[in-house]
$ cat upload-v1.txt   # compact mmCIF, C-alpha atoms
# COMPACT_ATOMS: atom_id res chain seq x y z
CA MET A 1 0.00 0.00 0.00
CA LYS A 2 1.13 3.53 -0.78
CA VAL A 3 0.82 6.13 1.96
CA GLY A 4 1.56 9.85 1.80
CA LEU A 5 3.01 11.70 4.79
CA ILE A 6 2.84 15.46 5.34
CA VAL A 7 4.37 16.98 8.48
CA ASN A 8 3.62 20.52 9.59
CA PRO A 9 6.89 21.11 11.47
CA VAL A 10 5.60 24.13 13.41
CA ALA A 11 2.31 22.55 14.56
CA GLY A 12 1.72 22.76 18.31
CA MET A 13 4.65 25.05 19.07
CA GLY A 14 2.36 27.72 20.48
CA GLY A 15 0.70 25.36 22.97
CA SER A 16 3.17 25.16 25.84
CA VAL A 17 3.92 28.91 25.71
CA GLY A 18 0.25 29.87 25.93
CA LEU A 19 -0.33 31.21 22.40
CA LYS A 20 -3.35 28.95 21.65
CA GLY A 21 -1.87 27.92 18.30
CA THR A 22 0.85 28.75 15.78
CA ASP A 23 -1.07 30.18 12.83
CA GLY A 24 0.77 33.03 11.15
CA LYS A 25 4.43 34.02 10.85
CA ASP A 26 4.27 36.58 13.66
CA THR A 27 2.82 34.03 16.09
CA LEU A 28 5.46 31.46 15.18
CA GLU A 29 8.25 33.98 15.73
CA ARG A 30 6.76 34.91 19.09
CA ALA A 31 6.47 31.25 20.09
CA ILE A 32 10.15 30.66 19.24
CA ALA A 33 11.13 33.76 21.21
CA LEU A 34 9.24 32.37 24.21
CA GLY A 35 11.19 29.13 24.05
CA ALA A 36 8.83 26.87 22.10
CA VAL A 37 10.39 23.80 20.50
CA PRO A 38 9.17 21.76 17.51
CA LEU A 39 6.99 18.77 18.35
CA ALA A 40 5.58 17.39 15.11
CA GLN A 41 8.54 15.34 13.91
CA GLU A 42 9.03 13.70 17.32
CA ARG A 43 5.33 12.83 17.54
CA THR A 44 5.39 11.47 13.99
CA ALA A 45 8.40 9.32 14.91
CA ARG A 46 6.42 7.88 17.81
CA ALA A 47 3.69 6.74 15.40
CA LEU A 48 6.27 5.21 13.06
CA ARG A 49 7.87 3.26 15.91
CA ILE A 50 4.54 1.62 16.73
CA LEU A 51 4.03 0.77 13.07
CA ALA A 52 7.49 -0.83 12.99
CA ALA A 53 6.78 -2.75 16.21
CA PHE A 54 3.92 -4.51 14.41
CA GLY A 55 6.32 -5.45 11.61
CA GLN A 56 4.31 -3.71 8.93
CA ALA A 57 5.84 -2.05 5.86
CA LEU A 58 4.29 0.61 3.63
CA ASN A 59 5.40 2.42 0.50
CA TRP A 60 5.88 6.06 1.53
CA ILE A 61 5.72 9.29 -0.43
CA ALA A 62 6.50 12.60 1.28
CA PRO A 63 7.85 16.10 0.67
CA LYS A 64 11.60 16.30 1.11
CA GLY A 65 13.03 17.80 4.28
CA GLU A 66 11.15 18.75 7.42
CA MET A 67 7.69 18.29 5.88
CA GLY A 68 8.03 14.50 5.97
CA GLY A 69 11.14 13.17 4.26
CA ASP A 70 13.47 13.78 7.20
CA VAL A 71 11.48 11.82 9.77
CA LEU A 72 10.96 8.89 7.37
CA ARG A 73 14.67 8.80 6.54
CA THR A 74 15.58 8.86 10.24
CA ALA A 75 13.21 5.92 10.76
CA GLY A 76 15.04 4.03 8.02
CA LEU A 77 12.04 3.94 5.68
CA SER A 78 12.44 4.07 1.92
CA THR A 79 10.55 7.08 0.59
CA GLU A 80 9.60 8.63 -2.72
CA LEU A 81 10.36 12.32 -2.22
CA LEU A 82 8.34 15.23 -3.56
CA ASP A 83 10.37 18.30 -4.50
CA LEU A 84 8.21 21.22 -3.36
CA ASP A 85 9.60 24.56 -4.47
CA GLN A 86 8.12 26.60 -1.61
CA PRO A 87 8.64 27.07 2.12
CA VAL A 88 6.60 25.41 4.86
CA SER A 89 3.11 26.90 4.57
CA ALA A 90 -0.54 26.05 4.03
CA ALA A 91 0.10 26.37 0.28
CA ALA A 92 2.92 23.79 0.53
CA THR A 93 0.62 21.39 2.37
CA GLU A 94 -2.05 21.83 -0.28
CA GLU A 95 0.43 21.28 -3.12
CA ALA A 96 1.84 18.15 -1.47
CA THR A 97 -1.71 16.85 -1.06
CA ARG A 98 -2.45 17.45 -4.76
CA LEU A 99 0.69 15.58 -5.78
CA MET A 100 -0.19 12.65 -3.53
CA GLN A 101 -3.72 12.60 -4.89
CA GLY A 102 -2.25 12.41 -8.40
CA ALA A 103 0.05 9.59 -7.29
CA ASP A 104 -2.99 7.49 -6.27
CA VAL A 105 -1.97 6.98 -2.65
CA ASP A 106 -4.23 4.79 -0.55
CA LEU A 107 -4.06 7.07 2.51
CA ILE A 108 -2.71 10.51 3.40
CA VAL A 109 -1.26 10.81 6.90
CA PHE A 110 -0.62 14.32 8.18
CA ALA A 111 1.01 15.53 11.38
CA GLY A 112 -0.46 18.82 12.54
CA GLY A 113 -3.54 20.43 13.99
CA ASP A 114 -6.90 21.71 12.77
CA GLY A 115 -5.31 24.12 10.29
CA THR A 116 -3.36 21.30 8.63
CA ALA A 117 -6.51 19.17 8.58
CA ARG A 118 -8.31 21.97 6.73
CA ASP A 119 -5.51 22.32 4.19
CA VAL A 120 -5.56 18.59 3.40
CA ALA A 121 -9.35 18.26 3.39
CA ASP A 122 -9.71 21.29 1.11
CA ILE A 123 -7.93 19.30 -1.59
CA VAL A 124 -9.16 15.72 -1.17
CA GLY A 125 -12.58 16.17 0.46
CA LEU A 126 -14.09 12.71 0.80
CA SER A 127 -12.27 11.29 -2.24
CA MET A 128 -9.58 9.44 -0.24
CA PRO A 129 -8.99 8.61 3.42
CA VAL A 130 -6.80 10.76 5.65
CA LEU A 131 -5.42 10.28 9.16
CA GLY A 132 -4.17 12.96 11.53
CA ILE A 133 -1.29 12.47 13.96
CA PRO A 134 -2.21 14.91 16.75
CA CYS A 135 0.43 17.64 16.97
CA GLY A 136 -1.51 20.90 17.17
CA VAL A 137 -2.94 22.86 20.07
CA LYS A 138 -6.70 22.84 19.54
CA MET A 139 -7.55 19.77 17.44
CA HIS A 140 -11.33 20.18 17.54
CA SER A 141 -11.67 18.03 14.40
CA GLY A 142 -12.59 14.35 14.39
CA VAL A 143 -9.82 13.35 11.96
CA PHE A 144 -7.10 12.70 14.56
CA ALA A 145 -5.98 9.57 16.32
CA VAL A 146 -6.15 9.98 20.10
CA THR A 147 -2.32 9.79 20.40
CA PRO A 148 0.65 9.30 18.06
CA GLU A 149 0.81 5.68 19.21
CA ALA A 150 -2.84 5.18 18.28
CA ALA A 151 -2.04 6.56 14.82
CA GLY A 152 0.74 3.99 14.50
CA ARG A 153 -1.59 1.19 15.50
CA LEU A 154 -4.17 2.38 12.95
CA LEU A 155 -1.48 2.42 10.26
CA ALA A 156 -0.50 -1.14 11.17
CA ASP A 157 -4.11 -2.31 10.89
CA PHE A 158 -4.51 -0.37 7.64
CA SER A 159 -1.43 -1.99 6.13
CA ARG A 160 -2.71 -5.46 7.02
CA GLY A 161 -6.14 -5.10 5.52
CA GLY A 162 -7.18 -1.61 4.53
CA GLU A 163 -10.91 -1.00 4.45
CA SER A 164 -11.75 -4.66 5.00
CA LYS A 165 -9.83 -4.51 8.31
CA ILE A 166 -10.91 -1.21 9.87
CA GLY A 167 -13.53 0.52 7.74
CA TYR A 168 -13.99 4.25 7.26
CA ARG A 169 -16.26 6.96 8.55
CA ARG A 170 -16.98 10.60 7.76
CA ALA A 171 -15.43 12.97 10.32
CA GLU A 172 -15.88 16.69 10.94
CA VAL A 173 -13.11 19.13 10.04
CA MET A 174 -13.30 22.03 12.48
CA ASP A 175 -11.18 25.11 13.10
CA ILE A 176 -11.29 28.23 15.23
CA ASP A 177 -10.09 31.80 14.84
CA GLU A 178 -6.87 31.92 16.88
CA ALA A 179 -6.83 35.73 17.06
CA VAL A 180 -10.29 35.72 18.61
CA LEU A 181 -9.29 32.81 20.86
CA ARG A 182 -6.34 34.78 22.28
CA ASN A 183 -8.84 37.42 23.38
CA GLY A 184 -10.74 34.81 25.40
CA HIS A 185 -13.54 33.97 22.96
CA LEU A 186 -14.13 30.63 21.26
CA HIS A 187 -15.52 30.71 17.73
CA ALA A 188 -15.50 27.24 16.20
CA ARG A 189 -16.62 26.57 12.66
CA LEU A 190 -17.40 23.41 10.72
CA TYR A 191 -15.41 23.60 7.49
CA GLY A 192 -16.34 20.26 6.01
CA TYR A 193 -15.81 16.53 6.27
CA ALA A 194 -13.04 14.05 5.61
CA ARG A 195 -12.97 10.27 5.32
CA VAL A 196 -10.91 8.63 8.06
CA PRO A 197 -10.01 5.06 9.03
CA HIS A 198 -12.00 4.21 12.10
CA LEU A 199 -11.55 2.15 15.20
CA ARG A 200 -13.51 3.76 18.02
CA HIS A 201 -10.89 3.45 20.72
CA LEU A 202 -8.13 4.86 18.48
CA MET A 203 -9.81 7.91 16.89
CA GLN A 204 -10.97 11.02 18.74
CA ASN A 205 -14.37 12.63 18.27
CA ALA A 206 -14.94 16.21 17.19
CA LYS A 207 -15.12 18.60 20.12
CA MET A 208 -18.59 19.72 21.13
CA ALA A 209 -19.91 22.50 23.32
CA PRO A 210 -20.67 21.66 26.95
CA PRO A 211 -24.27 20.68 27.67
CA LEU A 212 -26.57 23.11 29.42
CA GLY A 213 -28.70 22.53 32.51
CA ASP A 214 -26.14 21.89 35.20
CA GLU A 215 -24.75 25.41 35.67
CA ALA A 216 -25.73 25.69 39.33
CA MET A 217 -24.16 22.30 40.13
CA LEU A 218 -20.87 23.33 38.54
CA ASP A 219 -20.89 26.73 40.25
CA ALA A 220 -21.31 24.99 43.61
CA LEU A 221 -18.50 22.60 42.69
CA GLY A 222 -16.24 25.56 41.94
CA CYS A 223 -16.98 26.98 45.39
CA GLU A 224 -16.25 23.64 47.04
CA ILE A 225 -12.87 23.27 45.30
CA ALA A 226 -11.96 26.88 46.12
CA ASP A 227 -12.82 26.37 49.81
CA GLU A 228 -10.57 23.31 49.96
CA MET A 229 -7.48 24.97 48.47
CA ARG A 230 -4.47 24.43 50.72
CA PRO A 231 -2.27 27.33 51.84
CA GLY A 232 1.16 27.29 50.23
CA THR A 233 0.14 25.00 47.36
CA THR A 234 0.45 26.35 43.83
CA TYR A 235 -2.66 25.58 41.78
CA LEU A 236 -2.52 25.42 37.99
CA ILE A 237 -6.03 26.08 36.70
CA GLY A 238 -6.46 24.95 33.13
CA PRO A 239 -8.60 26.28 30.30
CA GLY A 240 -12.36 25.91 30.02
CA THR A 241 -15.51 27.20 31.64
CA THR A 242 -15.69 24.39 34.21
CA ALA A 243 -12.19 24.84 35.64
CA LYS A 244 -12.54 28.63 35.65
CA ARG A 245 -15.51 28.39 38.02
CA VAL A 246 -12.92 27.87 40.75
CA LEU A 247 -11.45 31.28 39.94
CA SER A 248 -14.91 32.81 39.97
CA ALA A 249 -15.48 31.34 43.41
CA LEU A 250 -12.31 33.12 44.55
CA GLY A 251 -13.67 36.40 43.20
CA ALA A 252 -10.92 36.48 40.60
CA GLU A 253 -10.75 36.54 36.83
CA GLY A 254 -8.47 34.55 34.58
CA ALA A 255 -7.94 33.52 30.99
CA LEU A 256 -10.87 31.38 29.87
CA LEU A 257 -8.72 29.58 27.33
CA GLY A 258 -5.35 29.85 29.09
CA LEU A 259 -3.51 28.62 32.16
CA ASP A 260 -3.80 30.56 35.43
CA VAL A 261 -1.59 30.11 38.49
CA VAL A 262 -3.05 30.62 41.98
CA ARG A 263 -1.43 30.39 45.41
CA ASP A 264 -2.98 31.37 48.74
CA ARG A 265 -6.19 32.33 46.88
CA ARG A 266 -4.35 34.95 44.81
CA VAL A 267 -3.77 34.87 41.05
CA MET A 268 -0.01 34.92 40.54
CA ALA A 269 -0.09 34.71 36.73
CA SER A 270 -2.77 34.57 34.08
CA ASP A 271 -2.64 33.02 30.60
CA THR A 272 0.89 31.81 31.25
CA SER A 273 3.19 29.19 29.77
CA ALA A 274 4.25 25.77 31.02
CA ALA A 275 7.74 27.00 31.86
CA ARG A 276 6.51 30.04 33.78
CA ALA A 277 4.00 27.95 35.74
CA LEU A 278 6.76 25.59 36.89
CA GLU A 279 8.96 28.55 37.78
CA LEU A 280 6.22 29.99 39.98
CA ALA A 281 5.63 26.62 41.61
CA ALA A 282 9.36 26.26 42.38
CA ASP A 283 9.91 23.26 44.66
CA GLY A 284 6.71 23.59 46.66
CA PRO A 285 3.56 21.49 46.41
CA ILE A 286 1.64 21.75 43.17
CA ALA A 287 -1.95 20.90 42.22
CA ILE A 288 -3.75 20.92 38.88
CA ILE A 289 -7.39 21.72 38.21
CA ALA A 290 -8.41 20.47 34.76
CA GLY A 291 -11.64 20.12 32.82
CA VAL A 292 -12.69 17.55 30.23
CA THR A 293 -13.16 18.39 26.54
CA GLY A 294 -16.77 17.86 25.56
CA GLY A 295 -17.38 15.08 23.06
CA GLN A 296 -13.74 14.00 23.08
CA GLY A 297 -12.97 13.19 26.71
CA PHE A 298 -9.43 14.55 26.86
CA VAL A 299 -8.06 15.60 30.25
CA PHE A 300 -4.58 16.53 28.99
CA GLY A 301 -3.28 17.17 25.50
CA ARG A 302 -6.04 19.17 23.80
CA GLY A 303 -5.92 22.93 24.25
CA ASN A 304 -4.17 22.77 27.63
CA GLN A 305 -0.57 21.96 26.67
CA GLN A 306 0.46 24.77 29.04
CA ILE A 307 -0.04 22.12 31.72
CA GLY A 308 3.16 20.32 30.82
CA PRO A 309 4.17 16.76 31.66
CA ASP A 310 6.59 17.93 34.37
CA ALA A 311 3.75 19.60 36.27
CA ILE A 312 1.44 16.62 35.79
CA ALA A 313 4.09 14.22 37.07
CA ARG A 314 4.55 16.32 40.22
CA ALA A 315 0.84 16.55 40.95
CA TRP A 316 -0.29 13.03 40.00
CA PRO A 317 -2.25 11.31 41.40
CA ASP A 318 -3.47 12.97 44.58
CA ASP A 319 -3.36 16.59 43.40
CA VAL A 320 -4.82 16.36 39.92
CA ILE A 321 -8.40 17.58 40.31
CA ILE A 322 -10.59 16.76 37.29
CA LEU A 323 -13.92 18.57 36.94
CA ALA A 324 -16.79 17.81 34.55
CA SER A 325 -20.55 17.70 34.58
CA ALA A 326 -22.16 14.28 34.82
CA GLU A 327 -24.04 15.03 31.61
CA LYS A 328 -20.83 15.76 29.70
CA LEU A 329 -19.39 12.44 30.85
CA ALA A 330 -22.58 10.60 29.95
CA LEU A 331 -22.44 12.00 26.41
CA LEU A 332 -19.00 10.55 25.70
CA LYS A 333 -19.19 7.74 23.16
CA ARG A 334 -16.93 5.59 25.35
CA PRO A 335 -16.96 5.67 29.17
CA GLU A 336 -13.33 6.70 29.46
CA LEU A 337 -11.07 9.75 29.47
CA ILE A 338 -7.93 10.27 27.42
CA VAL A 339 -4.48 11.63 28.28
CA ASP A 340 -1.93 12.71 25.67
CA SER A 341 0.51 14.66 27.83
CA GLY A 342 3.38 14.75 25.35
CA ASP A 343 5.41 12.25 27.39
CA PRO A 344 4.58 8.61 26.47
CA MET A 345 6.13 7.24 29.67
CA LEU A 346 3.99 9.59 31.77
CA ASP A 347 0.90 8.60 29.76
CA GLN A 348 1.56 4.98 30.71
CA ARG A 349 1.86 6.01 34.35
CA LEU A 350 -1.48 7.84 34.19
CA LYS A 351 -3.38 4.83 32.84
CA GLY A 352 -5.90 3.44 35.28
CA TYR A 353 -8.77 5.18 37.04
CA ALA A 354 -9.26 8.72 38.24
CA ARG A 355 -11.93 10.52 40.22
CA VAL A 356 -13.89 13.13 38.29
CA HIS A 357 -15.74 15.69 40.40
CA THR A 358 -19.21 16.36 38.99
CA GLY A 359 -20.73 18.44 41.79
CA PRO A 360 -20.40 19.21 45.51
CA ARG A 361 -19.51 15.92 47.21
CA ARG A 362 -20.28 14.10 43.98
CA SER A 363 -17.85 12.26 41.77
CA LEU A 364 -17.45 9.42 39.30
CA MET A 365 -14.53 7.06 38.76
CA MET A 366 -13.50 7.11 35.11
CA LYS A 367 -10.98 5.02 33.25
CA LEU A 368 -7.97 6.91 31.88
CA VAL A 369 -6.48 5.67 28.60
$ encode --input "upload-v1.txt" --output "structure tokens"
Amino acid sequence: MKVGLIVNPVAGMGGSVGLKGTDGKDTLERAIALGAVPLAQERTARALRILAAFGQALNWIAPKGEMGGDVLRTAGLSTELLDLDQPVSAAATEEATRLMQGADVDLIVFAGGDGTARDVADIVGLSMPVLGIPCGVKMHSGVFAVTPEAAGRLLADFSRGGESKIGYRRAEVMDIDEAVLRNGHLHARLYGYARVPHLRHLMQNAKMAPPLGDEAMLDALGCEIADEMRPGTTYLIGPGTTAKRVLSALGAEGALLGLDVVRDRRVMASDTSAARALELAADGPIAIIAGVTGGQGFVFGRGNQQIGPDAIARAWPDDVIILASAEKLALLKRPELIVDSGDPMLDQRLKGYARVHTGPRRSLMMKLV
């Protein structure tokens, strides 16, 4: 089978430094200045290692250099290289997709976020299957595997049997306006659909808005968590309306879609980066308050990369406080939550069960995968 690979080498770089994405040259330059490092090639390599572990071989085609050829060469995989005469950009992704479409590939794999998904889907639509290796910040679309390792497993199954082995489904391609997002407002838009290989436990769902009807319960939960905050402990409060109810209970304001740092009931930093949060926490006790993405079930790894693996490792398990409404949990297609922290060894450590607070003195035990 012939598979195309397109890597967006700058995808996800704005996540850990609190920029909500990396769209646009100015944002990328700012992310680099803040200390962001590339993630996409390393996450792609993780998927390829799983594919190799299953002993499966594919015929690869990819742009030369950092858009795909480099990571395949490092993995020791023979590759037909596309010579794109333009720098890394949405236009380069679209041109690579056109060339792969003309080469009659069986599947296009791309490493990126929602913007990359849009660029690929704009060219192929539903005409051929695509698969996203999750590397971006937001990833509201339903075209991504839940982790790079899940993408590798899907590729292994695909190489063994294609459609007869795993089947396909139509998935939403979503994106949001990053400039509006940085001002604290979420404006998501459905751009279209793509055809993706599908195994339910390996592919994420499209993100959905939180259900209504349990506002009072969540407000009371925010008050309960705020009342139980320990003096001297640094609390990292992640993005989302549910987690931010704790700030509201403290009479404080924060960044709805960013990371806020609180100690002794005072906001020490708002909309901050992973590195700055750890600096503020120093060597003292640390706790994390995180929500759950509606429809997808992610606790870490979607939109909250500012909560880095180092912080999670320090807080887990006793001081990671997960909040979600019971209705949001009930609407998940599978009764489990997902972690994609960026550190595969930590993800393995997090597997098991965790308590999710759904209201004052109310909680559910949920499986973490």
$ residues_around --input "upload-v1.txt" --residues "A:Pro87" --least-positions-apart "3" --cutoff "12 Å" --atoms "all atoms listed in the file" --output "list of chain:residue names"
A:Asn8, A:Pro9, A:Lys25, A:Pro63, A:Lys64, A:Gly65, A:Glu66, A:Met67, A:Asp83, A:Leu84, A:Ala90, A:Ala91, A:Ala92, A:Thr93, A:Glu95, A:Ala96
$ closest_residue --input "upload-v1.txt" --among "A:Arg349, A:Arg170, A:Arg263, A:Arg118" --to "A:Leu280" --atoms "only C-alpha atoms"
A:Arg263
$ atom_distance --input "upload-v1.txt" --atom1 "atom CA of A:Ser325" --atom2 "atom CA of A:Gly232"
28.4 Å
$ residues_around --input "upload-v1.txt" --residues "A:Gly342" --least-positions-apart "5" --cutoff "10 Å" --atoms "only C-alpha atoms" --output "PyMOL selection string"
chain A and resi 39+42-43+135+147-148+300-301+305+308-309+347
$ atom_distance --input "upload-v1.txt" --atom1 "atom CA of A:Asp119" --atom2 "atom CA of A:Lys333"
27.6 Å
$ residues_around --input "upload-v1.txt" --residues "A:Val173" --least-positions-apart "5" --cutoff "7 Å" --atoms "all atoms listed in the file" --output "number ranges by chain"
A: 117-118, 141-143, 190-194
$ residues_around --input "upload-v1.txt" --residues "A:Pro197" --least-positions-apart "5" --cutoff "7 Å" --atoms "only C-alpha atoms" --output "VMD selection string"
chain A and resid 129 131 166 to 169
$ residues_near_point --input "upload-v1.txt" --point "(-20.9, 20.4, 36.7)" --cutoff "6 Å" --atoms "only C-alpha atoms" --output "list in words"
Asp214, Met217, Leu218, Ala324, Ser325, Thr358 and Gly359 of chain A
$ atom_distance --input "upload-v1.txt" --atom1 "atom CA of A:Val267" --atom2 "atom CA of A:Glu253"
8.3 Å
$ closest_residue --input "upload-v1.txt" --among "A:Val7, A:Ile288, A:Ile307, A:Ala150" --to "A:Gly136" --atoms "only C-alpha atoms"
A:Val7
$ closest_residue --input "upload-v1.txt" --among "A:Met366, A:Ala275, A:Ile289, A:Val320" --to "A:Lys244" --atoms "all atoms listed in the file"
A:Ile289
$ closest_residue --input "upload-v1.txt" --among "A:Pro360, A:Ile338, A:Ala121, A:Asp310" --to "A:Ala226" --atoms "all atoms listed in the file"
A:Pro360
$ residues_near_point --input "upload-v1.txt" --point "(-1.2, 3.7, 32.8)" --cutoff "12 Å" --atoms "all atoms listed in the file" --output "list in words"
Trp316, Pro317, Ile338, Val339, Asp340, Pro344, Met345, Leu346, Asp347, Gln348, Arg349, Leu350, Lys351, Gly352, Tyr353, Ala354, Lys367, Leu368 and Val369 of chain A
$ residues_around --input "upload-v1.txt" --residues "A:Gly132" --least-positions-apart "3" --cutoff "6 Å" --atoms "all atoms listed in the file" --output "VMD selection string"
chain A and resid 109 to 111 143 to 144
$ closest_residue --input "upload-v1.txt" --among "A:Ala40, A:Ala45, A:Val88, A:Leu331" --to "A:Gly113" --atoms "only C-alpha atoms"
A:Ala40
$ closest_residue --input "upload-v1.txt" --among "A:Gly76, A:Pro285, A:Gly102, A:Gly112" --to "A:Val10" --atoms "only C-alpha atoms"
A:Gly112
